[in-house]
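Report on the following structure.
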Amino acid sequence: MQKQTTAQRVTSIIAPTIEEMGFELVDVDYVKEGQDWYLRVYIDHENGIDLSACERVSRRIDSLLDENDRDNSLFPGSYILEVSSPGLTRPLKKDADFDRYEGRMVTVKTYAPVDGKKEFDGILKGYSDKDIKIEVDGKLLEIPRDKVSLVHLAVVFN
């Protein structure tokens, strides 16, 4: 059995509470920047996210994480908790995300080159267990999911 990452463990602890509060848990990142560890929690809501919502969720999950980490097995040291919206370039991770944003402009980044490139901008046309389908310059491109490192909404300026 593969050991869960800290972000995966945090997700399993906080997701039910965030959903109970009426928000969607978009993503969790646990990263080291300089000397500090950051736990970044991205939330969303159909009416958007404001500072007050981030503060409420932060307070709630901060105490929840403390309760679930009394033995310091989750976080071996201190960390900085940040709660925010996913922003305009929201990552697409779940099938529901791909359903919701089909027809929108996305950026797809890959681990390895596909047709000689590692980054694609196109219109999301669909997905399957095997690939992400985007339209690039009028042509349908099927990018194997096992080569995809990130898919996020693209910002389009008219």
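Residue numbers start at 1 in each chain; chains themselves are named A, B, ... in the order of the structure tokens; ligands are numbered from 1 in the order shown.
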
Assign secondary structure with DSSP using the backbone only, and return the residues of chain A in alpha helix (DSSP H) as number ranges by chain. A: 6-20, 51-67, 95-100

Keeping only N, CA and C atoms, write the selected residues as a tab-separated table (two decimals), in the first residue's frame.
```tsv
chain	number	residue	atom	x	y	z
A	6	THR	N	1.16	14.04	2.92
A	6	THR	CA	0.55	14.92	3.93
A	6	THR	C	-0.69	15.60	3.36
A	7	ALA	N	-0.61	16.08	2.12
A	7	ALA	CA	-1.75	16.75	1.50
A	7	ALA	C	-2.96	15.82	1.40
A	8	GLN	N	-2.72	14.55	1.06
A	8	GLN	CA	-3.82	13.59	0.97
A	8	GLN	C	-4.43	13.33	2.34
A	9	ARG	N	-3.59	13.22	3.34
A	9	ARG	CA	-4.10	12.98	4.70
A	9	ARG	C	-4.90	14.18	5.19
A	10	VAL	N	-4.38	15.38	4.94
A	10	VAL	CA	-5.09	16.60	5.33
A	10	VAL	C	-6.44	16.66	4.62
A	11	THR	N	-6.45	16.35	3.33
A	11	THR	CA	-7.69	16.37	2.56
A	11	THR	C	-8.74	15.47	3.20
A	12	SER	N	-8.35	14.26	3.58
A	12	SER	CA	-9.33	13.34	4.17
A	12	SER	C	-9.84	13.84	5.52
A	13	ILE	N	-9.04	14.61	6.23
A	13	ILE	CA	-9.47	15.15	7.53
A	13	ILE	C	-10.40	16.35	7.37
A	14	ILE	N	-10.07	17.26	6.45
A	14	ILE	CA	-10.80	18.53	6.38
A	14	ILE	C	-11.95	18.57	5.39
A	15	ALA	N	-11.95	17.69	4.38
A	15	ALA	CA	-12.98	17.74	3.33
A	15	ALA	C	-14.41	17.68	3.89
A	16	PRO	N	-14.73	16.74	4.79
A	16	PRO	CA	-16.11	16.69	5.29
A	16	PRO	C	-16.55	17.99	5.97
A	17	THR	N	-15.66	18.60	6.74
A	17	THR	CA	-16.00	19.84	7.44
A	17	THR	C	-16.21	20.98	6.46
A	18	ILE	N	-15.35	21.09	5.46
A	18	ILE	CA	-15.48	22.16	4.47
A	18	ILE	C	-16.79	22.00	3.70
A	19	GLU	N	-17.12	20.77	3.32
A	19	GLU	CA	-18.38	20.53	2.61
A	19	GLU	C	-19.57	20.82	3.52
A	20	GLU	N	-19.46	20.46	4.78
A	20	GLU	CA	-20.53	20.73	5.76
A	20	GLU	C	-20.76	22.24	5.89
A	51	LEU	N	-13.05	37.17	1.74
A	51	LEU	CA	-12.11	37.05	2.85
A	51	LEU	C	-12.77	36.45	4.10
A	52	SER	N	-14.01	36.82	4.34
A	52	SER	CA	-14.73	36.31	5.50
A	52	SER	C	-14.89	34.79	5.44
A	53	ALA	N	-15.19	34.27	4.25
A	53	ALA	CA	-15.33	32.82	4.08
A	53	ALA	C	-14.00	32.12	4.34
A	54	CYS	N	-12.92	32.69	3.81
A	54	CYS	CA	-11.60	32.10	4.03
A	54	CYS	C	-11.25	32.09	5.51
A	55	GLU	N	-11.58	33.16	6.20
A	55	GLU	CA	-11.29	33.25	7.63
A	55	GLU	C	-12.08	32.20	8.42
A	56	ARG	N	-13.38	32.05	8.11
A	56	ARG	CA	-14.20	31.07	8.82
A	56	ARG	C	-13.67	29.65	8.61
A	57	VAL	N	-13.34	29.33	7.37
A	57	VAL	CA	-12.83	27.99	7.07
A	57	VAL	C	-11.47	27.79	7.74
A	58	SER	N	-10.63	28.80	7.70
A	58	SER	CA	-9.30	28.70	8.32
A	58	SER	C	-9.40	28.40	9.82
A	59	ARG	N	-10.26	29.14	10.51
A	59	ARG	CA	-10.41	28.92	11.96
A	59	ARG	C	-10.91	27.50	12.25
A	60	ARG	N	-11.86	27.06	11.46
A	60	ARG	CA	-12.46	25.74	11.69
A	60	ARG	C	-11.47	24.62	11.43
A	61	ILE	N	-10.75	24.69	10.31
A	61	ILE	CA	-9.85	23.58	10.00
A	61	ILE	C	-8.56	23.65	10.81
A	62	ASP	N	-8.17	24.84	11.26
A	62	ASP	CA	-6.98	24.96	12.10
A	62	ASP	C	-7.16	24.14	13.38
A	63	SER	N	-8.30	24.30	14.03
A	63	SER	CA	-8.54	23.54	15.26
A	63	SER	C	-8.73	22.05	14.95
A	64	LEU	N	-9.35	21.75	13.83
A	64	LEU	CA	-9.56	20.35	13.42
A	64	LEU	C	-8.21	19.65	13.18
A	65	LEU	N	-7.30	20.34	12.53
A	65	LEU	CA	-5.98	19.76	12.28
A	65	LEU	C	-5.20	19.58	13.58
A	66	ASP	N	-5.32	20.55	14.48
A	66	ASP	CA	-4.66	20.42	15.79
A	66	ASP	C	-5.17	19.18	16.53
A	67	GLU	N	-6.49	18.97	16.50
A	67	GLU	CA	-7.09	17.81	17.17
A	67	GLU	C	-6.59	16.50	16.58
A	95	ASP	N	-13.29	14.71	-11.93
A	95	ASP	CA	-14.14	14.58	-13.12
A	95	ASP	C	-15.22	15.66	-13.14
A	96	ALA	N	-15.75	16.00	-11.97
A	96	ALA	CA	-16.78	17.05	-11.90
A	96	ALA	C	-16.25	18.38	-12.40
A	97	ASP	N	-14.96	18.65	-12.17
A	97	ASP	CA	-14.35	19.89	-12.67
A	97	ASP	C	-14.34	19.89	-14.20
A	98	PHE	N	-13.97	18.75	-14.79
A	98	PHE	CA	-13.93	18.65	-16.24
A	98	PHE	C	-15.33	18.79	-16.84
A	99	ASP	N	-16.33	18.22	-16.16
A	99	ASP	CA	-17.71	18.38	-16.62
A	99	ASP	C	-18.14	19.84	-16.56
A	100	ARG	N	-17.88	20.48	-15.44
A	100	ARG	CA	-18.32	21.86	-15.20
A	100	ARG	C	-17.69	22.85	-16.19
```

Under the rule of at most 12 Å, produce a per-residue listing of stretch 36-124 of chain A near stretch 140-148 of chain A: chain, number, name, the closest pair of atoms, and the distance in Å, as CSV, using only C-alpha atoms.
```
residue,atom,partner,partner_atom,distance
A:Leu92,CA,A:Val148,CA,11.3
A:Lys93,CA,A:Val148,CA,10.7
A:Thr107,CA,A:Val148,CA,10.7
A:Val108,CA,A:Val148,CA,7.0
A:Lys109,CA,A:Val148,CA,5.9
A:Thr110,CA,A:Val148,CA,4.3
A:Tyr111,CA,A:Lys147,CA,5.4
A:Ala112,CA,A:Lys147,CA,6.1
A:Pro113,CA,A:Lys147,CA,8.3
A:Val114,CA,A:Ile143,CA,7.2
A:Asp115,CA,A:Ile143,CA,9.5
A:Lys117,CA,A:Ile143,CA,10.9
A:Lys118,CA,A:Val148,CA,9.0
A:Glu119,CA,A:Val148,CA,9.6
A:Phe120,CA,A:Leu141,CA,9.5
A:Asp121,CA,A:Leu141,CA,10.6
A:Gly122,CA,A:Leu141,CA,8.9
A:Ile123,CA,A:Leu140,CA,9.2
A:Leu124,CA,A:Leu140,CA,9.6
```

Please save C-alpha atoms of the selected residues as an mmCIF file, in the first residue's frame.
```
data_model
loop_
_atom_site.group_PDB
_atom_site.id
_atom_site.type_symbol
_atom_site.label_atom_id
_atom_site.label_comp_id
_atom_site.auth_asym_id
_atom_site.auth_seq_id
_atom_site.Cartn_x
_atom_site.Cartn_y
_atom_site.Cartn_z
ATOM 1 C CA LEU A 92 -9.131 20.979 -12.752
ATOM 2 C CA LYS A 93 -8.571 17.757 -10.821
ATOM 3 C CA THR A 107 -3.969 25.093 -20.176
ATOM 4 C CA VAL A 108 -2.669 21.526 -20.046
ATOM 5 C CA LYS A 109 0.892 20.857 -18.872
ATOM 6 C CA THR A 110 2.558 17.477 -19.300
ATOM 7 C CA TYR A 111 5.429 15.603 -17.656
ATOM 8 C CA ALA A 112 6.764 14.457 -21.017
ATOM 9 C CA PRO A 113 6.439 15.985 -24.490
ATOM 10 C CA VAL A 114 3.317 15.194 -26.505
ATOM 11 C CA ASP A 115 3.772 16.002 -30.194
ATOM 12 C CA LYS A 117 5.340 20.125 -26.644
ATOM 13 C CA LYS A 118 4.786 20.118 -22.886
ATOM 14 C CA GLU A 119 2.163 22.884 -22.652
ATOM 15 C CA PHE A 120 -1.072 23.306 -24.574
ATOM 16 C CA ASP A 121 -3.777 25.971 -24.581
ATOM 17 C CA GLY A 122 -7.119 24.936 -26.007
ATOM 18 C CA ILE A 123 -10.828 24.490 -25.480
ATOM 19 C CA LEU A 124 -11.737 21.612 -23.172
#
```

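Atom CA of A:Ser78 is found 12.3 Å from atom CA of A:Val31.
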
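In this structure, atom CA of A:Pro91 sits 18.9 Å away from atom CA of A:Thr5.
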
Pairwise distance for atom CA of A:Ile80 and atom CA of A:Arg40, rounded to one decimal in Å: 8.2 Å

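Proximity of A:Ile43, A:Leu153, A:Ile134, A:Leu81 to A:Glu24, computed with only C-alpha atoms, is greatest for A:Ile43.
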
Using backbone DSSP assignments, extract all strand (DSSP E or B) residues from stretch 59-148 of chain A; output them as a PyMOL selection string. chain A and resi 80-84+91+105-114+117-127+131-136+139-144+148

Residues as selected, N, CA and C atoms, written as a compact mmCIF listing (two decimals), in the first residue's frame, can you do that?
```txt
# COMPACT_ATOMS: atom_id res chain seq x y z
N ILE A 80 2.52 27.16 8.10
CA ILE A 80 1.66 28.34 7.93
C ILE A 80 0.44 27.89 7.15
N LEU A 81 -0.74 28.10 7.72
CA LEU A 81 -2.00 27.72 7.07
C LEU A 81 -2.51 28.90 6.26
N GLU A 82 -2.78 28.66 4.98
CA GLU A 82 -3.38 29.67 4.10
C GLU A 82 -4.63 29.07 3.48
N VAL A 83 -5.73 29.80 3.55
CA VAL A 83 -6.98 29.38 2.91
C VAL A 83 -7.35 30.47 1.92
N SER A 84 -7.61 30.07 0.67
CA SER A 84 -7.96 31.06 -0.36
C SER A 84 -8.82 30.43 -1.44
N PRO A 91 -7.29 25.03 -10.83
CA PRO A 91 -6.90 23.72 -11.35
C PRO A 91 -8.12 22.82 -11.52
N MET A 105 -11.67 27.60 -22.05
CA MET A 105 -10.26 27.59 -22.42
C MET A 105 -9.43 27.09 -21.23
N VAL A 106 -8.55 26.12 -21.48
CA VAL A 106 -7.71 25.55 -20.44
C VAL A 106 -6.25 25.50 -20.90
N THR A 107 -5.38 25.36 -19.92
CA THR A 107 -3.97 25.09 -20.18
C THR A 107 -3.69 23.70 -19.63
N VAL A 108 -3.05 22.88 -20.45
CA VAL A 108 -2.67 21.53 -20.05
C VAL A 108 -1.15 21.45 -20.08
N LYS A 109 -0.56 21.04 -18.95
CA LYS A 109 0.89 20.86 -18.87
C LYS A 109 1.16 19.37 -18.70
N THR A 110 2.24 18.90 -19.34
CA THR A 110 2.56 17.48 -19.30
C THR A 110 3.95 17.24 -18.71
N TYR A 111 4.13 16.01 -18.18
CA TYR A 111 5.43 15.60 -17.66
C TYR A 111 6.43 15.38 -18.79
N ALA A 112 5.93 14.80 -19.87
CA ALA A 112 6.76 14.46 -21.02
C ALA A 112 6.15 15.09 -22.27
N PRO A 113 6.97 15.36 -23.27
CA PRO A 113 6.44 15.99 -24.49
C PRO A 113 5.37 15.13 -25.17
N VAL A 114 4.36 15.80 -25.68
CA VAL A 114 3.32 15.19 -26.51
C VAL A 114 3.35 15.99 -27.80
N LYS A 117 5.62 19.01 -27.55
CA LYS A 117 5.34 20.12 -26.64
C LYS A 117 4.97 19.61 -25.26
N LYS A 118 5.16 20.48 -24.26
CA LYS A 118 4.79 20.12 -22.89
C LYS A 118 3.71 21.03 -22.31
N GLU A 119 3.23 21.99 -23.11
CA GLU A 119 2.16 22.88 -22.65
C GLU A 119 1.24 23.20 -23.82
N PHE A 120 -0.06 23.10 -23.54
CA PHE A 120 -1.07 23.31 -24.57
C PHE A 120 -2.17 24.22 -24.05
N ASP A 121 -2.61 25.14 -24.88
CA ASP A 121 -3.78 25.97 -24.58
C ASP A 121 -4.84 25.61 -25.59
N GLY A 122 -6.04 25.29 -25.10
CA GLY A 122 -7.12 24.94 -26.01
C GLY A 122 -8.45 24.89 -25.28
N ILE A 123 -9.48 24.57 -26.03
CA ILE A 123 -10.83 24.49 -25.48
C ILE A 123 -11.06 23.06 -25.00
N LEU A 124 -11.47 22.93 -23.74
CA LEU A 124 -11.74 21.61 -23.17
C LEU A 124 -12.94 21.00 -23.88
N LYS A 125 -12.72 19.84 -24.49
CA LYS A 125 -13.78 19.18 -25.25
C LYS A 125 -14.28 17.90 -24.61
N GLY A 126 -13.58 17.42 -23.60
CA GLY A 126 -14.02 16.20 -22.94
C GLY A 126 -12.85 15.50 -22.27
N TYR A 127 -13.14 14.36 -21.68
CA TYR A 127 -12.12 13.59 -20.97
C TYR A 127 -12.60 12.15 -20.85
N ASP A 131 -7.59 9.94 -21.32
CA ASP A 131 -7.06 11.18 -21.89
C ASP A 131 -7.92 12.41 -21.61
N ILE A 132 -7.31 13.56 -21.89
CA ILE A 132 -7.98 14.86 -21.82
C ILE A 132 -8.08 15.33 -23.27
N LYS A 133 -9.27 15.72 -23.69
CA LYS A 133 -9.47 16.16 -25.06
C LYS A 133 -9.61 17.68 -25.11
N ILE A 134 -8.73 18.32 -25.90
CA ILE A 134 -8.83 19.77 -26.08
C ILE A 134 -8.75 20.08 -27.57
N GLU A 135 -9.38 21.19 -27.93
CA GLU A 135 -9.32 21.66 -29.31
C GLU A 135 -8.27 22.76 -29.39
N VAL A 136 -7.26 22.52 -30.23
CA VAL A 136 -6.18 23.48 -30.42
C VAL A 136 -6.13 23.85 -31.90
N LYS A 139 -8.19 21.74 -34.23
CA LYS A 139 -7.93 20.29 -34.28
C LYS A 139 -8.09 19.69 -32.89
N LEU A 140 -8.70 18.50 -32.83
CA LEU A 140 -8.88 17.81 -31.55
C LEU A 140 -7.59 17.10 -31.17
N LEU A 141 -7.13 17.38 -29.97
CA LEU A 141 -5.91 16.77 -29.45
C LEU A 141 -6.29 15.95 -28.22
N GLU A 142 -5.86 14.70 -28.20
CA GLU A 142 -6.11 13.82 -27.05
C GLU A 142 -4.78 13.61 -26.32
N ILE A 143 -4.71 14.15 -25.11
CA ILE A 143 -3.48 14.09 -24.33
C ILE A 143 -3.63 12.99 -23.28
N PRO A 144 -2.74 11.99 -23.30
CA PRO A 144 -2.84 10.89 -22.33
C PRO A 144 -2.79 11.40 -20.89
N VAL A 148 -0.20 13.93 -18.07
CA VAL A 148 -0.66 15.25 -17.65
C VAL A 148 -0.21 15.55 -16.22
```
